[in-house]
Amino acid sequence: MVTRKRRTAARARRPEVRLPDLVPFGGRLEPDGDYDGLELAGLDLAGRSGEGARFLDCALRGCGLDGTRLAGARFLDSVLSGVRGVGTDLAGAQLRDVEVSEARLGGAQLHGSVWERVVVRGGKADYLNLRGARLRDVVFEGCVLSEPDFGGARLERVEFTDCDLLGADFSGARLTDVDLRGVRRLEIARGVESLAGAVISSAQLLDLAPVLAARLGVRVED
């Protein structure tokens, strides 16, 4: 008798962030700035410009990011805790070995961004724009994502654990080893046909059945 192995999604590799002793930040956010080993705590950075800046071994704690311009910025071996903002521009940003906890974001622009070994823990994000982004070894844990846009994005080894994923758009996305089984509420608004490469539970399959039937043009009648 031949026993077949049950294939499941490959697990994401989590970051191991070990910050050095940090120096309180006493300067100002500037485009192409180079920030190393600093703690930015409780700062109001609304409307400030930090395009192309590099944050290495840094911690941003409780900072206000309303309209903050951080397009093309790089966050490396860093922690973002309790940050909050509406319309934060992080287009084309790079996040590598980063932990994000209890963030509250609305309409954050992360299209074209690159994520590698990132954990997003807790918090809530509304209308997160991740169109064309690349996510590899990313874990969303205990957070609420309302109407996130993954259109055209590439997701590899991405896990959702104890999350709500509401009104998500996966149109044209490419998924590899994406584990959705830990999603508490799974709502796909668009792009259900792009879920190839994802793993879902049997209960989630039943929840998605009406969307799948509509996409396939199947009428369900009693």
# chains A, B, ... in the order shown; residues from 1 in each chain; ligands from 1

call {"tool": "residues_around", "arguments": {"residues": "Phe160 in chain A", "least_positions_apart": "3", "cutoff": "10 Å", "atoms": "only C-alpha atoms", "output": "MDAnalysis selection string"}}
result
chainID A and resid 120 138:143 163:165 178:184

call {"tool": "residues_around", "arguments": {"residues": "range 64-67 of chain A", "least_positions_apart": "5", "cutoff": "6 Å", "atoms": "only C-alpha atoms", "output": "VMD selection string"}}
result
chain A and resid 44 to 47 84 to 88

call {"tool": "write_last_selection", "arguments": {"atoms": "all heavy atoms", "output": "PDB file, in the first residue's frame"}}
result
ATOM      1  N   ASP A  44       5.452  63.138  16.387  1.00  0.00           N
ATOM      2  CA  ASP A  44       4.433  63.455  15.390  1.00  0.00           C
ATOM      3  C   ASP A  44       5.164  63.769  14.085  1.00  0.00           C
ATOM      4  O   ASP A  44       5.728  64.858  13.925  1.00  0.00           O
ATOM      5  CB  ASP A  44       3.588  64.646  15.834  1.00  0.00           C
ATOM      6  CG  ASP A  44       2.469  64.952  14.836  1.00  0.00           C
ATOM      7  OD1 ASP A  44       2.333  64.196  13.846  1.00  0.00           O
ATOM      8  OD2 ASP A  44       1.742  65.936  15.043  1.00  0.00           O
ATOM      9  N   LEU A  45       5.148  62.803  13.171  1.00  0.00           N
ATOM     10  CA  LEU A  45       5.849  62.956  11.899  1.00  0.00           C
ATOM     11  C   LEU A  45       4.871  63.255  10.764  1.00  0.00           C
ATOM     12  O   LEU A  45       5.188  63.049   9.589  1.00  0.00           O
ATOM     13  CB  LEU A  45       6.646  61.683  11.588  1.00  0.00           C
ATOM     14  CG  LEU A  45       7.683  61.280  12.643  1.00  0.00           C
ATOM     15  CD1 LEU A  45       8.341  59.957  12.262  1.00  0.00           C
ATOM     16  CD2 LEU A  45       8.734  62.366  12.811  1.00  0.00           C
ATOM     17  N   ALA A  46       3.686  63.728  11.105  1.00  0.00           N
ATOM     18  CA  ALA A  46       2.654  64.014  10.103  1.00  0.00           C
ATOM     19  C   ALA A  46       3.172  64.987   9.053  1.00  0.00           C
ATOM     20  O   ALA A  46       3.735  66.036   9.379  1.00  0.00           O
ATOM     21  CB  ALA A  46       1.409  64.589  10.774  1.00  0.00           C
ATOM     22  N   GLY A  47       2.997  64.598   7.797  1.00  0.00           N
ATOM     23  CA  GLY A  47       3.369  65.461   6.697  1.00  0.00           C
ATOM     24  C   GLY A  47       4.858  65.587   6.444  1.00  0.00           C
ATOM     25  O   GLY A  47       5.267  66.272   5.507  1.00  0.00           O
ATOM     26  N   ARG A  84       0.766  54.947  13.954  1.00  0.00           N
ATOM     27  CA  ARG A  84      -0.583  55.192  13.479  1.00  0.00           C
ATOM     28  C   ARG A  84      -0.533  56.277  12.401  1.00  0.00           C
ATOM     29  O   ARG A  84       0.297  57.202  12.480  1.00  0.00           O
ATOM     30  CB  ARG A  84      -1.492  55.645  14.629  1.00  0.00           C
ATOM     31  CG  ARG A  84      -1.048  56.937  15.263  1.00  0.00           C
ATOM     32  CD  ARG A  84      -1.579  57.157  16.666  1.00  0.00           C
ATOM     33  NE  ARG A  84      -1.132  58.444  17.196  1.00  0.00           N
ATOM     34  CZ  ARG A  84       0.071  58.641  17.719  1.00  0.00           C
ATOM     35  NH1 ARG A  84       0.955  57.664  17.785  1.00  0.00           N
ATOM     36  NH2 ARG A  84       0.404  59.850  18.182  1.00  0.00           N
ATOM     37  N   GLY A  85      -1.386  56.120  11.406  1.00  0.00           N
ATOM     38  CA  GLY A  85      -1.365  57.136  10.367  1.00  0.00           C
ATOM     39  C   GLY A  85      -2.407  56.888   9.299  1.00  0.00           C
ATOM     40  O   GLY A  85      -2.819  55.755   9.050  1.00  0.00           O
ATOM     41  N   VAL A  86      -2.829  57.978   8.660  1.00  0.00           N
ATOM     42  CA  VAL A  86      -3.744  57.927   7.522  1.00  0.00           C
ATOM     43  C   VAL A  86      -3.000  58.482   6.311  1.00  0.00           C
ATOM     44  O   VAL A  86      -2.374  59.547   6.390  1.00  0.00           O
ATOM     45  CB  VAL A  86      -5.012  58.761   7.795  1.00  0.00           C
ATOM     46  CG1 VAL A  86      -5.896  58.802   6.554  1.00  0.00           C
ATOM     47  CG2 VAL A  86      -5.779  58.192   8.982  1.00  0.00           C
ATOM     48  N   GLY A  87      -3.058  57.730   5.213  1.00  0.00           N
ATOM     49  CA  GLY A  87      -2.424  58.200   3.984  1.00  0.00           C
ATOM     50  C   GLY A  87      -0.911  58.182   4.023  1.00  0.00           C
ATOM     51  O   GLY A  87      -0.263  58.933   3.282  1.00  0.00           O
ATOM     52  N   THR A  88      -0.323  57.344   4.840  1.00  0.00           N
ATOM     53  CA  THR A  88       1.136  57.221   4.881  1.00  0.00           C
ATOM     54  C   THR A  88       1.642  56.675   3.547  1.00  0.00           C
ATOM     55  O   THR A  88       1.138  55.677   3.045  1.00  0.00           O
ATOM     56  CB  THR A  88       1.573  56.285   6.020  1.00  0.00           C
ATOM     57  OG1 THR A  88       0.927  56.687   7.233  1.00  0.00           O
ATOM     58  CG2 THR A  88       3.073  56.312   6.207  1.00  0.00           C
TER      59      THR A  88
END

call {"tool": "select_by_dssp", "arguments": {"residues": "chain A", "states": "strand (DSSP E or B)", "output": "number ranges by chain"}}
result
A: 23-24, 34-36, 38-41, 44, 49, 54-56, 59-61, 64, 69, 74-81, 84-86, 89, 94-101, 104-106, 109, 114-121, 124-126, 129, 134-141, 144-146, 149, 154-169, 174-190, 198-199

call {"tool": "closest_residue", "arguments": {"among": "A:Ala133, A:Leu145, A:Leu43, A:Leu186", "to": "Ala103 in chain A", "atoms": "only C-alpha atoms"}}
result
A:Leu145

call {"tool": "closest_residue", "arguments": {"among": "A:Gly122, A:Gly82, A:Gly106, A:Pro148", "to": "Thr161 in chain A", "atoms": "only C-alpha atoms"}}
result
A:Gly122

call {"tool": "closest_residue", "arguments": {"among": "A:Thr176, A:Ser49, A:Ser78, A:Gln204", "to": "Gly37 in chain A", "atoms": "only C-alpha atoms"}}
result
A:Ser78

call {"tool": "residues_around", "arguments": {"residues": "range 20-23 of chain A", "least_positions_apart": "6", "cutoff": "10 Å", "atoms": "only C-alpha atoms", "output": "PyMOL selection string"}}
result
chain A and resi 36-40+57-59

call {"tool": "closest_residue", "arguments": {"among": "A:Pro210, A:Arg174, A:Val119, A:Ala168", "to": "Arg190 in chain A", "atoms": "only C-alpha atoms"}}
result
A:Ala168

call {"tool": "select_by_dssp", "arguments": {"residues": "chain A", "states": "alpha helix (DSSP H)", "output": "ChimeraX atom specification"}}
result
/A:202-216

call {"tool": "residues_around", "arguments": {"residues": "Arg48 in chain A", "least_positions_apart": "4", "cutoff": "7 Å", "atoms": "only C-alpha atoms", "output": "MDAnalysis selection string"}}
result
chainID A and resid 29 68:69

call {"tool": "write_last_selection", "arguments": {"atoms": "N, CA and C atoms", "output": "PDB file, in the first residue's frame"}}
result
ATOM      1  N   LEU A  29      13.319  64.223  10.431  1.00  0.00           N
ATOM      2  CA  LEU A  29      13.188  63.296   9.317  1.00  0.00           C
ATOM      3  C   LEU A  29      13.503  64.028   8.021  1.00  0.00           C
ATOM      4  N   THR A  68       2.721  61.072   6.147  1.00  0.00           N
ATOM      5  CA  THR A  68       4.189  61.036   6.118  1.00  0.00           C
ATOM      6  C   THR A  68       4.668  60.412   4.812  1.00  0.00           C
ATOM      7  N   ARG A  69       5.668  61.032   4.183  1.00  0.00           N
ATOM      8  CA  ARG A  69       6.158  60.574   2.888  1.00  0.00           C
ATOM      9  C   ARG A  69       7.443  59.771   3.090  1.00  0.00           C
TER      10      ARG A  69
END

call {"tool": "atom_distance", "arguments": {"atom1": "CA of Ala173 in chain A", "atom2": "CA of Ala71 in chain A"}}
result
22.1 Å
